[in-house]
Amino acid sequence: MTANDRWEPVQRLRTYEQVMAQIEQRILDGRLKAGDHLPSERELAVSLGVSRPSLRESLRVLEALGVVEIRRGGEGGAVLVQTPGSGMVNLLKLQIALSQFSWTDVLETRLALETWSVEEAAYRSTEDDHRELAAILDRMDDASIEASQFNSLDAAFHMRIAESTGNALTAHFMGSLRTAIHRQMVEMYAELEDWRRTATTVRREHREILDLIVRKDGKTAARAVHAHISDFYKIGAIDGADAPG
């Protein structure tokens with residue numbers, strides 16, 4: 001018998017993993033949908049033939065992943081979430097912190113998402129979107145603003161552009177990515193030789209991007225945001241702010 005012919009040992013799944021697998025399969029095949037309540041803990045444990053502690057463990061994992069919400073009280077129990085949760089944010093944040101993704105990976109992903117978002121926003125956004133984007137930029141103009149708050153508003157501006165495309169998945173993924181790298185971005189600002197000088201450039205470029213969106217010049221807006229993001233990462237690298245871990 002050659003090495004390729006050998007049988008591989010069967011891996012024993014822990015009880016909570018088997019419970020999760022059944023719930024996952026019911027979601028994938030449509031038997032469970034967003035907003036559905038799972039059976040009570042007692043009923044579900046009996047149906048699955050598992051202990052209640054094992055069931056609770058699986059539900060805690062699903063809650064951490066943002067798949068279910070555990071509610072207390074009369075209408076309590078496990079409910080499948082109807083809006084995107086924090087699971088993607090938490091996963092990305094930890095994996096980026098553990099350097100499973102390089103800053104180059106982050107940069108290229110941001111460029112792909114944001115150039116598409118800006119171009120589409122130029123054609124899909126409304127006057128209400130424009131007003132809200134302008135309001136964010138007005139808050140960024142505060143002369144007394146600190147670096148962490150400036151960065152939060154910077155992220156809010158880019159995420160609001162994504163939201164204005166009407167594509168909920170892109171907006172959620174963009175928000176997850178920006179939240180995941182928030183600490184690193186704040187550290188990059190803190191390590192800049194003169195972050196306020198950089199902020200002046202960022203403000204000007206944001207205004208230009210918004211003006212292009214309002215004028216429905218999607219192609220130019222996409223090129224502008226590509227240069228805006230790329231130049232900031234170059235400034236960070238020059239000043240020694242490479243991907244802090």
# chains A, B, ... in the order shown; residues from 1 in each chain; ligands from 1
>>> residues_around(residues="A:Gly35", least_positions_apart="6", cutoff="12 Å", atoms="only C-alpha atoms", output="list in words")
Ile27, Val67, Val68, Glu69, Gly77, Ala78, Val79, Leu80, Val81, Gln82 and Thr83 of chain A
>>> write_last_selection(atoms="all heavy atoms", output="CSV table (one decimal), in the first residue's frame")
chain,number,residue,atom,x,y,z
A,27,ILE,N,-29.6,26.8,7.8
A,27,ILE,CA,-29.5,28.1,7.3
A,27,ILE,C,-29.2,28.1,5.8
A,27,ILE,O,-29.9,28.8,5.0
A,27,ILE,CB,-28.5,29.0,8.0
A,27,ILE,CG1,-28.9,29.2,9.5
A,27,ILE,CG2,-28.2,30.3,7.3
A,27,ILE,CD1,-27.8,29.8,10.4
A,67,VAL,N,-24.1,35.3,14.2
A,67,VAL,CA,-25.2,34.6,13.5
A,67,VAL,C,-26.5,34.6,14.3
A,67,VAL,O,-27.6,34.7,13.7
A,67,VAL,CB,-24.7,33.1,13.3
A,67,VAL,CG1,-25.9,32.3,12.6
A,67,VAL,CG2,-23.5,33.1,12.4
A,68,VAL,N,-26.4,34.5,15.6
A,68,VAL,CA,-27.6,34.5,16.4
A,68,VAL,C,-27.5,35.5,17.5
A,68,VAL,O,-26.4,36.0,17.9
A,68,VAL,CB,-27.9,33.1,17.1
A,68,VAL,CG1,-28.0,32.0,16.1
A,68,VAL,CG2,-26.8,32.8,18.1
A,69,GLU,N,-28.6,36.0,18.0
A,69,GLU,CA,-28.7,36.9,19.2
A,69,GLU,C,-29.4,36.2,20.3
A,69,GLU,O,-30.5,35.6,20.1
A,69,GLU,CB,-29.5,38.1,18.8
A,69,GLU,CG,-29.7,39.1,19.9
A,69,GLU,CD,-30.6,40.3,19.5
A,69,GLU,OE1,-31.0,40.4,18.3
A,69,GLU,OE2,-30.9,41.1,20.4
A,77,GLY,N,-34.6,33.7,24.0
A,77,GLY,CA,-34.1,32.6,23.3
A,77,GLY,C,-33.2,33.0,22.2
A,77,GLY,O,-32.8,34.2,22.1
A,78,ALA,N,-32.8,32.1,21.3
A,78,ALA,CA,-31.8,32.3,20.3
A,78,ALA,C,-32.6,32.7,19.0
A,78,ALA,O,-33.5,32.0,18.6
A,78,ALA,CB,-31.0,31.1,20.0
A,79,VAL,N,-32.2,33.9,18.4
A,79,VAL,CA,-32.9,34.4,17.2
A,79,VAL,C,-31.8,34.6,16.2
A,79,VAL,O,-30.8,35.2,16.5
A,79,VAL,CB,-33.6,35.7,17.5
A,79,VAL,CG1,-34.4,36.2,16.3
A,79,VAL,CG2,-34.6,35.5,18.7
A,80,LEU,N,-32.1,34.2,14.9
A,80,LEU,CA,-31.1,34.5,13.9
A,80,LEU,C,-31.2,35.9,13.5
A,80,LEU,O,-32.2,36.5,13.3
A,80,LEU,CB,-31.5,33.6,12.6
A,80,LEU,CG,-31.4,32.1,12.8
A,80,LEU,CD1,-31.9,31.4,11.6
A,80,LEU,CD2,-30.0,31.7,13.1
A,81,VAL,N,-30.0,36.5,13.4
A,81,VAL,CA,-29.9,38.0,13.3
A,81,VAL,C,-30.4,38.4,11.9
A,81,VAL,O,-30.2,37.7,10.9
A,81,VAL,CB,-28.4,38.5,13.5
A,81,VAL,CG1,-28.0,38.3,14.9
A,81,VAL,CG2,-27.5,37.9,12.5
A,82,GLN,N,-31.0,39.6,11.9
A,82,GLN,CA,-31.6,40.1,10.6
A,82,GLN,C,-30.7,41.2,10.0
A,82,GLN,O,-30.8,41.5,8.8
A,82,GLN,CB,-32.9,40.7,10.9
A,82,GLN,CG,-34.0,39.7,11.2
A,82,GLN,CD,-35.4,40.3,11.4
A,82,GLN,OE1,-35.6,40.9,12.4
A,82,GLN,NE2,-36.2,40.1,10.5
A,83,THR,N,-29.7,41.7,10.8
A,83,THR,CA,-28.8,42.7,10.3
A,83,THR,C,-27.4,42.2,10.5
A,83,THR,O,-27.1,41.5,11.4
A,83,THR,CB,-29.0,44.1,11.0
A,83,THR,OG1,-28.8,43.9,12.4
A,83,THR,CG2,-30.4,44.7,10.7
>>> select_by_dssp(residues="stretch 5-166 of chain A", states="alpha helix (DSSP H)", output="MDAnalysis selection string")
chainID A and resid 15:28 41:48 52:64 87:97 103:124 127:140 147:163
>>> residues_around(residues="A:Arg110", least_positions_apart="6", cutoff="12 Å", atoms="only C-alpha atoms", output="PyMOL selection string")
chain A and resi 103-104+116-118+155+158-159+162+170-171+173-178+181+225-230+233
>>> residues_around(residues="A:Arg131", least_positions_apart="5", cutoff="12 Å", atoms="only C-alpha atoms", output="PyMOL selection string")
chain A and resi 125-126+136-138+157+160-161+164+210-211+213-214
>>> write_last_selection(atoms="C-alpha atoms", output="compact mmCIF listing (two decimals), in the first residue's frame")
# COMPACT_ATOMS: atom_id res chain seq x y z
CA SER A 125 -26.01 58.89 -4.45
CA THR A 126 -28.73 61.38 -3.54
CA ILE A 136 -18.78 64.91 8.12
CA LEU A 137 -16.20 67.05 6.33
CA ASP A 138 -17.36 70.14 8.23
CA PHE A 157 -16.62 59.68 5.33
CA ARG A 160 -20.76 56.84 4.09
CA ILE A 161 -19.66 56.93 0.45
CA SER A 164 -24.54 55.86 -0.70
CA LEU A 210 -17.12 64.88 -2.78
CA ASP A 211 -17.26 67.56 -5.47
CA ILE A 213 -19.37 62.72 -6.69
CA VAL A 214 -21.83 65.61 -6.71
>>> closest_residue(among="A:Val186, A:Arg52, A:Ile23, A:Glu119", to="A:Leu38", atoms="only C-alpha atoms")
A:Ile23
>>> closest_residue(among="A:Glu120, A:Asp29, A:Glu57, A:Asp142", to="A:Glu41", atoms="only C-alpha atoms")
A:Glu57
>>> residues_around(residues="A:Thr200", least_positions_apart="6", cutoff="12 Å", atoms="only C-alpha atoms", output="list in words")
Leu137, Met140, Asp141, Asp142, Ala143, Phe150, Asp194, His206 and Arg207 of chain A
>>> select_by_dssp(residues="stretch 43-99 of chain A", states="strand (DSSP E)", output="list in words")
Val68, Glu69, Ile70, Arg71, Gly77, Ala78, Val79 and Leu80 of chain A
>>> residues_around(residues="stretch 147-149 of chain A", least_positions_apart="4", cutoff="12 Å", atoms="only C-alpha atoms", output="PyMOL selection string")
chain A and resi 136+139-143+153-156+182-192+194-199
